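**Student:** Got protein_5.txt for you, compact mmCIF, C-alpha atoms:
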# COMPACT_ATOMS: atom_id res chain seq x y z
CA ASP V 731 135.46 105.74 148.41
CA ALA V 732 133.40 107.65 150.95
CA LYS V 733 131.13 105.51 153.09
CA THR V 734 127.59 106.03 154.36
CA THR V 735 126.11 104.90 157.67
CA GLN V 736 122.40 104.28 158.13
CA PRO V 737 120.35 102.68 160.91
CA ASN V 738 119.50 99.07 160.15
CA SER V 739 115.79 99.57 160.71
CA MET V 740 113.17 102.17 161.52
CA GLU V 741 109.47 102.03 162.21
CA SER V 742 106.76 104.60 161.72
CA ASN V 743 103.01 104.91 161.49
CA GLU V 744 100.90 105.43 158.43
CA GLU V 745 100.17 109.06 157.54
CA GLU V 746 102.98 110.35 159.76
CA PRO V 747 106.23 111.92 158.53
CA VAL V 748 109.35 109.78 158.42
CA HIS V 749 112.90 111.06 158.71
CA LEU V 750 115.55 108.61 157.51
CA PRO V 751 119.08 109.67 158.51
CA CYS V 752 122.35 109.03 156.73
CA ASN V 753 125.85 109.90 157.91
CA HIS V 754 128.62 110.45 155.38
CA SER V 755 131.36 112.19 157.31
CA THR V 756 134.05 111.48 154.67
CA ILE V 757 132.06 112.83 151.73
CA SER V 758 134.11 114.74 149.21
CA GLY V 759 133.13 118.19 148.03
CA THR V 760 131.80 116.97 144.69
CA ASP V 761 129.97 113.79 145.72
CA TYR V 762 126.26 113.68 145.06
CA ILE V 763 123.97 112.14 147.68
CA HIS V 764 121.53 109.66 146.20
CA TRP V 765 118.62 107.80 147.74
CA TYR V 766 117.13 104.65 146.30
CA ARG V 767 114.54 102.37 147.80
CA GLN V 768 113.70 98.72 147.25
CA LEU V 769 110.16 97.54 147.77
CA PRO V 770 109.67 93.87 148.68
CA SER V 771 110.47 91.52 145.79
CA GLN V 772 111.29 94.40 143.44
CA GLY V 773 114.35 96.07 142.04
CA PRO V 774 115.61 99.31 143.55
CA GLU V 775 114.02 102.56 142.41
CA TYR V 776 115.48 106.03 142.42
CA VAL V 777 114.00 108.37 145.00
CA ILE V 778 115.96 111.61 144.99
CA HIS V 779 119.44 113.09 144.86
CA GLY V 780 121.18 116.33 145.84
CA LEU V 781 124.52 118.05 146.15
CA THR V 782 124.32 120.92 148.62
CA SER V 783 120.84 122.38 148.71
CA ASN V 784 117.70 120.72 150.00
CA VAL V 785 115.69 119.04 147.26
CA ASN V 786 112.03 118.17 146.86
CA ASN V 787 110.22 115.93 144.41
CA ARG V 788 106.91 114.13 144.28
CA MET V 789 108.22 111.21 146.30
CA ALA V 790 110.25 112.82 149.07
CA SER V 791 112.45 115.63 150.31
CA LEU V 792 116.18 115.53 150.91
CA ALA V 793 117.64 117.70 153.65
CA ILE V 794 121.42 118.08 153.49
CA ALA V 795 123.40 119.37 156.46
CA GLU V 796 125.37 122.54 155.93
CA ASP V 797 128.68 120.69 156.33
CA ARG V 798 127.35 117.87 154.09
CA LYS V 799 128.43 115.24 156.59
CA SER V 800 124.88 114.01 156.97
CA SER V 801 121.56 114.06 155.19
CA THR V 802 117.96 113.11 155.89
CA LEU V 803 115.37 111.67 153.56
CA ILE V 804 111.93 112.90 154.51
CA LEU V 805 108.73 111.13 153.59
CA HIS V 806 106.09 113.70 154.44
CA ARG V 807 103.16 111.37 154.92
CA ALA V 808 104.06 107.71 154.96
CA THR V 809 101.81 105.12 153.39
CA LEU V 810 101.97 101.35 153.65
CA ARG V 811 103.48 101.35 150.17
CA ASP V 812 106.53 103.19 151.54
CA ALA V 813 107.62 100.10 153.48
CA ALA V 814 110.94 99.29 151.86
CA VAL V 815 114.70 99.25 152.30
CA TYR V 816 116.12 102.73 151.76
CA TYR V 817 119.68 103.14 150.52
CA CYS V 818 121.76 106.29 150.92
CA ILE V 819 124.55 106.31 148.32
CA LEU V 820 127.31 108.71 147.38
CA ARG V 821 128.35 109.17 143.76
CA ALA V 822 131.11 111.29 142.31
CA PRO V 823 130.27 113.46 139.30
CA ASN V 824 130.74 111.92 135.88
CA GLN V 825 130.56 108.43 137.31
CA GLY V 826 127.91 106.04 136.15
CA ALA V 827 125.64 103.76 138.07
CA GLN V 828 128.45 101.19 138.31
CA LYS V 829 129.72 103.32 141.17
CA LEU V 830 126.48 103.12 143.13
CA VAL V 831 127.39 101.10 146.23
CA PHE V 832 124.29 99.56 147.77
CA GLY V 833 125.03 98.76 151.40
CA GLN V 834 122.59 97.31 153.91
CA GLY V 835 120.29 100.30 153.91
CA THR V 836 117.51 101.08 156.39
CA ARG V 837 114.53 98.76 156.49
CA LEU V 838 111.47 100.96 157.03
CA THR V 839 108.35 99.40 158.51
CA ILE V 840 105.07 101.30 158.34
CA ASN V 841 102.38 100.42 160.84
CA PRO V 842 98.74 100.84 159.81
CA ASN Z 1169 105.97 101.65 129.17
CA ALA Z 1170 108.07 98.55 129.96
CA GLY Z 1171 111.36 100.12 131.15
CA VAL Z 1172 113.80 97.31 131.97
CA THR Z 1173 112.56 93.79 131.29
CA GLN Z 1174 114.30 90.68 132.60
CA THR Z 1175 113.66 87.08 131.63
CA PRO Z 1176 113.14 84.63 133.14
CA LYS Z 1177 111.70 85.71 136.49
CA PHE Z 1178 112.53 82.42 138.18
CA GLN Z 1179 114.96 79.63 137.34
CA VAL Z 1180 116.26 76.49 139.00
CA LEU Z 1181 119.51 75.03 137.70
CA LYS Z 1182 121.54 72.00 138.57
CA THR Z 1183 125.19 72.48 139.44
CA GLY Z 1184 127.23 72.62 136.25
CA GLN Z 1185 124.39 73.65 133.96
CA SER Z 1186 124.62 76.82 131.95
CA MET Z 1187 122.08 79.52 131.27
CA THR Z 1188 121.71 83.06 130.01
CA LEU Z 1189 119.74 85.77 131.76
CA GLN Z 1190 118.23 88.24 129.35
CA CYS Z 1191 117.75 91.96 129.87
CA ALA Z 1192 116.26 94.54 127.54
CA GLN Z 1193 115.49 98.23 128.01
CA ASP Z 1194 113.29 100.43 125.86
CA MET Z 1195 114.48 103.83 127.11
CA ASN Z 1196 117.32 104.28 124.60
CA HIS Z 1197 119.82 104.22 127.44
CA ASN Z 1198 123.52 103.92 126.74
CA SER Z 1199 124.64 102.19 129.96
CA MET Z 1200 123.50 98.86 131.32
CA TYR Z 1201 124.41 96.89 134.44
CA TRP Z 1202 124.08 93.50 136.09
CA TYR Z 1203 123.89 93.18 139.89
CA ARG Z 1204 123.32 90.29 142.24
CA GLN Z 1205 121.65 90.46 145.63
CA ASP Z 1206 122.10 87.75 148.23
CA PRO Z 1207 119.63 87.37 151.13
CA GLY Z 1208 119.80 90.27 153.57
CA MET Z 1209 122.54 91.97 151.57
CA GLY Z 1210 122.87 95.00 149.38
CA LEU Z 1211 123.45 94.79 145.64
CA ARG Z 1212 126.84 93.93 144.20
CA LEU Z 1213 127.86 94.83 140.67
CA ILE Z 1214 128.81 91.91 138.42
CA TYR Z 1215 129.44 93.58 135.06
CA TYR Z 1216 128.45 96.74 133.32
CA SER Z 1217 128.42 98.21 129.84
CA ALA Z 1218 129.04 101.94 129.75
CA SER Z 1219 128.03 102.09 126.10
CA GLU Z 1220 127.22 99.77 123.23
CA GLY Z 1221 130.30 97.74 122.34
CA THR Z 1222 131.99 97.98 125.74
CA THR Z 1223 131.81 95.83 128.86
CA ASP Z 1224 133.72 96.00 132.11
CA LYS Z 1225 134.01 93.91 135.25
CA GLY Z 1226 132.38 94.95 138.46
CA GLU Z 1227 132.93 93.80 142.01
CA VAL Z 1228 132.04 90.11 141.58
CA PRO Z 1229 132.61 89.02 137.93
CA ASN Z 1230 134.00 85.52 138.49
CA GLY Z 1231 131.83 82.78 137.01
CA TYR Z 1232 129.94 85.14 134.71
CA ASN Z 1233 130.19 86.47 131.18
CA VAL Z 1234 128.20 89.23 129.52
CA SER Z 1235 127.26 90.30 126.03
CA ARG Z 1236 126.00 93.71 124.98
CA LEU Z 1237 124.06 92.43 122.02
CA ASN Z 1238 122.93 95.88 120.90
CA LYS Z 1239 121.93 99.12 122.55
CA ARG Z 1240 118.77 97.57 124.00
CA GLU Z 1241 119.99 94.21 125.22
CA PHE Z 1242 122.57 93.09 127.78
CA SER Z 1243 122.75 89.41 128.68
CA LEU Z 1244 124.45 87.62 131.57
CA ARG Z 1245 125.71 84.06 131.12
CA LEU Z 1246 126.55 81.47 133.72
CA GLU Z 1247 128.72 78.89 131.99
CA SER Z 1248 128.81 76.32 134.80
CA ALA Z 1249 126.43 77.20 137.58
CA ALA Z 1250 127.48 76.72 141.20
CA PRO Z 1251 125.36 76.84 144.39
CA SER Z 1252 127.22 80.03 145.36
CA GLN Z 1253 125.52 81.71 142.41
CA THR Z 1254 122.11 81.26 143.96
CA SER Z 1255 120.89 84.82 144.18
CA VAL Z 1256 118.51 87.41 142.80
CA TYR Z 1257 119.90 89.08 139.70
CA PHE Z 1258 118.98 92.61 138.71
CA CYS Z 1259 119.59 94.33 135.45
CA ALA Z 1260 119.64 98.12 135.31
CA SER Z 1261 120.13 100.88 132.78
CA SER Z 1262 120.92 104.57 132.81
CA VAL Z 1263 121.14 107.32 130.22
CA GLY Z 1264 124.91 107.20 130.41
CA GLN Z 1265 127.92 107.97 132.50
CA GLY Z 1266 127.47 110.94 134.79
CA TYR Z 1267 123.70 110.71 134.77
CA THR Z 1268 122.01 110.32 138.07
CA GLU Z 1269 119.19 107.87 137.81
CA ALA Z 1270 119.40 104.14 137.21
CA PHE Z 1271 116.33 102.11 136.34
CA PHE Z 1272 116.11 98.52 137.54
CA GLY Z 1273 114.29 95.46 136.32
CA GLN Z 1274 112.13 93.24 138.50
CA GLY Z 1275 114.87 90.69 139.01
CA THR Z 1276 115.54 87.03 138.22
CA ARG Z 1277 115.49 84.67 141.18
CA LEU Z 1278 118.02 81.93 140.46
CA THR Z 1279 118.49 78.79 142.53
CA VAL Z 1280 121.36 76.41 141.84
CA VAL Z 1281 120.98 72.98 143.42
Let's see the structure in the file written out as C-alpha cells.
**Tutor:**
Amino acid sequence: DAKTTQPNSMESNEEEPVHLPCNHSTISGTDYIHWYRQLPSQGPEYVIHGLTSNVNNRMASLAIAEDRKSSTLILHRATLRDAAVYYCILRAPNQGAQKLVFGQGTRLTINP
Amino acid sequence: NAGVTQTPKFQVLKTGQSMTLQCAQDMNHNSMYWYRQDPGMGLRLIYYSASEGTTDKGEVPNGYNVSRLNKREFSLRLESAAPSQTSVYFCASSVGQGYTEAFFGQGTRLTVV
C-alpha cells in the first residue's frame, strides 16, 4: 500500500491561512487522497478528498500537485476550533473505509 | 441528527472481565467499522462489516469478537479483557464500499486494570 508522510506538528495563528503538506510519492494512478481531522477527545471527521484536480468545500481546500506525489490541505482562515490532528490518507477506488490507514498525522496548534 | 452513537462513553474493567461495546448508526449505512486508538497513535482497524450479515477481521482482531446485529447496530465484545486492551474505541459507518466518507462516533474510553 502507498504510504503518506506528514510533519508531526505545525503551528499557526488564528485568522491566518494554514497549509498542511502531505507527501505520497508512491501513490498509484487511481488512489484518492483523503483528509480527516480529529479534534481533541473526539472521533475523526472527514474533511475533503480529491483525485487529480484541486477541490474546495466549506471546510477547506485541497491542492494536488500535478504529478500527484504531494498534496496540501489549506485552511483559509484558521480558528481555534481547527486545532486538531490532521490525517492524510490514500484510498484505492472501490475500497471501503476499512482501507483508511490512519498514521500519526500532523498535530496543528492554533495560537490566539 | 445522532449519526453514530457509542455506549458506554467510559468503562473500567478488571482483567478477565467481559463486556460489549455498543454502536448504532441512524444514517442507513451499509458498512460499519471498529477501530482502537492507543495514546499518541493513529487508529487501527479491529473488525469491519461491509454489509449486513458479513464481518471481517482488520489489523488487530485478536481478543475481540463482533456482531452485526442488524443494519443499524454493530457491537464489539471483549471476552476476557486484558490491560493491553486499554484504549479508546471508535465505531464508524459509511454508505458502503467505494464510498468516500466515513462517519465516526465519539469513542469509548476503556481502561482494563
**Student:** May I have the residues within 12 Å of V:Thr756 as a PyMOL selection string, using all atoms listed in the file and disregarding those fewer than 6 positions away in the same chain?
**Tutor:** chain V and resi 731-735+797-800+820
**Student:** Write out as CSV a residue-level contact list of chain Z versus chain V with cut-off 6 Å: for each qualifying residue the closest pair of atoms and the distance in Å to one decimal, counting all atoms listed in the file, rows sorted by chain and residue number upward.
**Tutor:**
residue,atom,partner,partner_atom,distance
Z:Met1209,CA,V:Gln834,CA,5.8
Z:Gly1210,CA,V:Gly833,CA,4.8
Z:Leu1211,CA,V:Phe832,CA,5.3
Z:Gln1265,CA,V:Gly826,CA,4.1
Z:Gly1266,CA,V:Asn824,CA,3.6
Z:Phe1272,CA,V:Gly773,CA,5.4
Z:Gly1273,CA,V:Gly773,CA,5.8
Z:Gln1274,CA,V:Gly773,CA,5.0
**Student:** Just C-alpha atoms for this one: save the residues we selected as a PDB file, keeping the file's coordinate frame.
**Tutor:**
ATOM      1  CA  MET Z1209     122.540  91.970 151.570  1.00  0.00           C
ATOM      2  CA  GLY Z1210     122.870  95.000 149.380  1.00  0.00           C
ATOM      3  CA  LEU Z1211     123.450  94.790 145.640  1.00  0.00           C
ATOM      4  CA  GLN Z1265     127.920 107.970 132.500  1.00  0.00           C
ATOM      5  CA  GLY Z1266     127.470 110.940 134.790  1.00  0.00           C
ATOM      6  CA  PHE Z1272     116.110  98.520 137.540  1.00  0.00           C
ATOM      7  CA  GLY Z1273     114.290  95.460 136.320  1.00  0.00           C
ATOM      8  CA  GLN Z1274     112.130  93.240 138.500  1.00  0.00           C
TER       9      GLN Z1274
END
**Student:** One decimal, in Å: what's the spacing between atom CA of V:Ala814 and atom CA of V:Leu750?
**Tutor:**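 So the two atoms, atom CA of V:Ala814 and atom CA of V:Leu750, lie 11.8 Å apart.
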**Student:** Fewer than 4 positions away in the same chain doesn't count, so skip those; otherwise give me all residues within 12 Å of Z:Thr1188, counting all atoms listed in the file, as a ChimeraX atom specification.
**Tutor:** /Z:1174-1176,1179,1181,1232-1235,1242-1249,1257,1276,1278
**Student:** Can those selected residues be exported to a file as a JSON list (two decimals), in the coordinates of the input so that it contains C-alpha atoms?
**Tutor:**
[["chain", "number", "residue", "atom", "x", "y", "z"],
["Z", 1174, "GLN", "CA", 114.30, 90.68, 132.60],
["Z", 1175, "THR", "CA", 113.66, 87.08, 131.63],
["Z", 1176, "PRO", "CA", 113.14, 84.63, 133.14],
["Z", 1179, "GLN", "CA", 114.96, 79.63, 137.34],
["Z", 1181, "LEU", "CA", 119.51, 75.03, 137.70],
["Z", 1232, "TYR", "CA", 129.94, 85.14, 134.71],
["Z", 1233, "ASN", "CA", 130.19, 86.47, 131.18],
["Z", 1234, "VAL", "CA", 128.20, 89.23, 129.52],
["Z", 1235, "SER", "CA", 127.26, 90.30, 126.03],
["Z", 1242, "PHE", "CA", 122.57, 93.09, 127.78],
["Z", 1243, "SER", "CA", 122.75, 89.41, 128.68],
["Z", 1244, "LEU", "CA", 124.45, 87.62, 131.57],
["Z", 1245, "ARG", "CA", 125.71, 84.06, 131.12],
["Z", 1246, "LEU", "CA", 126.55, 81.47, 133.72],
["Z", 1247, "GLU", "CA", 128.72, 78.89, 131.99],
["Z", 1248, "SER", "CA", 128.81, 76.32, 134.80],
["Z", 1249, "ALA", "CA", 126.43, 77.20, 137.58],
["Z", 1257, "TYR", "CA", 119.90, 89.08, 139.70],
["Z", 1276, "THR", "CA", 115.54, 87.03, 138.22],
["Z", 1278, "LEU", "CA", 118.02, 81.93, 140.46]]
**Student:** Pick from Z:Leu1189, Z:Glu1227, Z:Val1256, Z:Lys1239: nearest to Z:Gly1208, with all atoms listed in the file counted?
**Tutor:** Z:Val1256
**Student:** Which one is closest to Z:Tyr1201: Z:Ala1250, Z:Leu1237, Z:Ala1170, Z:Cys1259? Count only C-alpha atoms.
**Tutor:**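 Counting only C-alpha atoms, the residue closest to Z:Tyr1201 is Z:Cys1259.
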**Student:** Can you work out the spacing between atom CA of Z:Arg1236 and atom CA of Z:Asp1194 in Å, to one decimal?
**Tutor:**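 Pair atom CA of Z:Arg1236 / atom CA of Z:Asp1194 returns 14.4 Å.
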**Student:** Pick from Z:Ala1192, Z:Ala1260, Z:Val1172, Z:Met1200: nearest to Z:Glu1220, with only C-alpha atoms counted?
**Tutor:** Z:Met1200
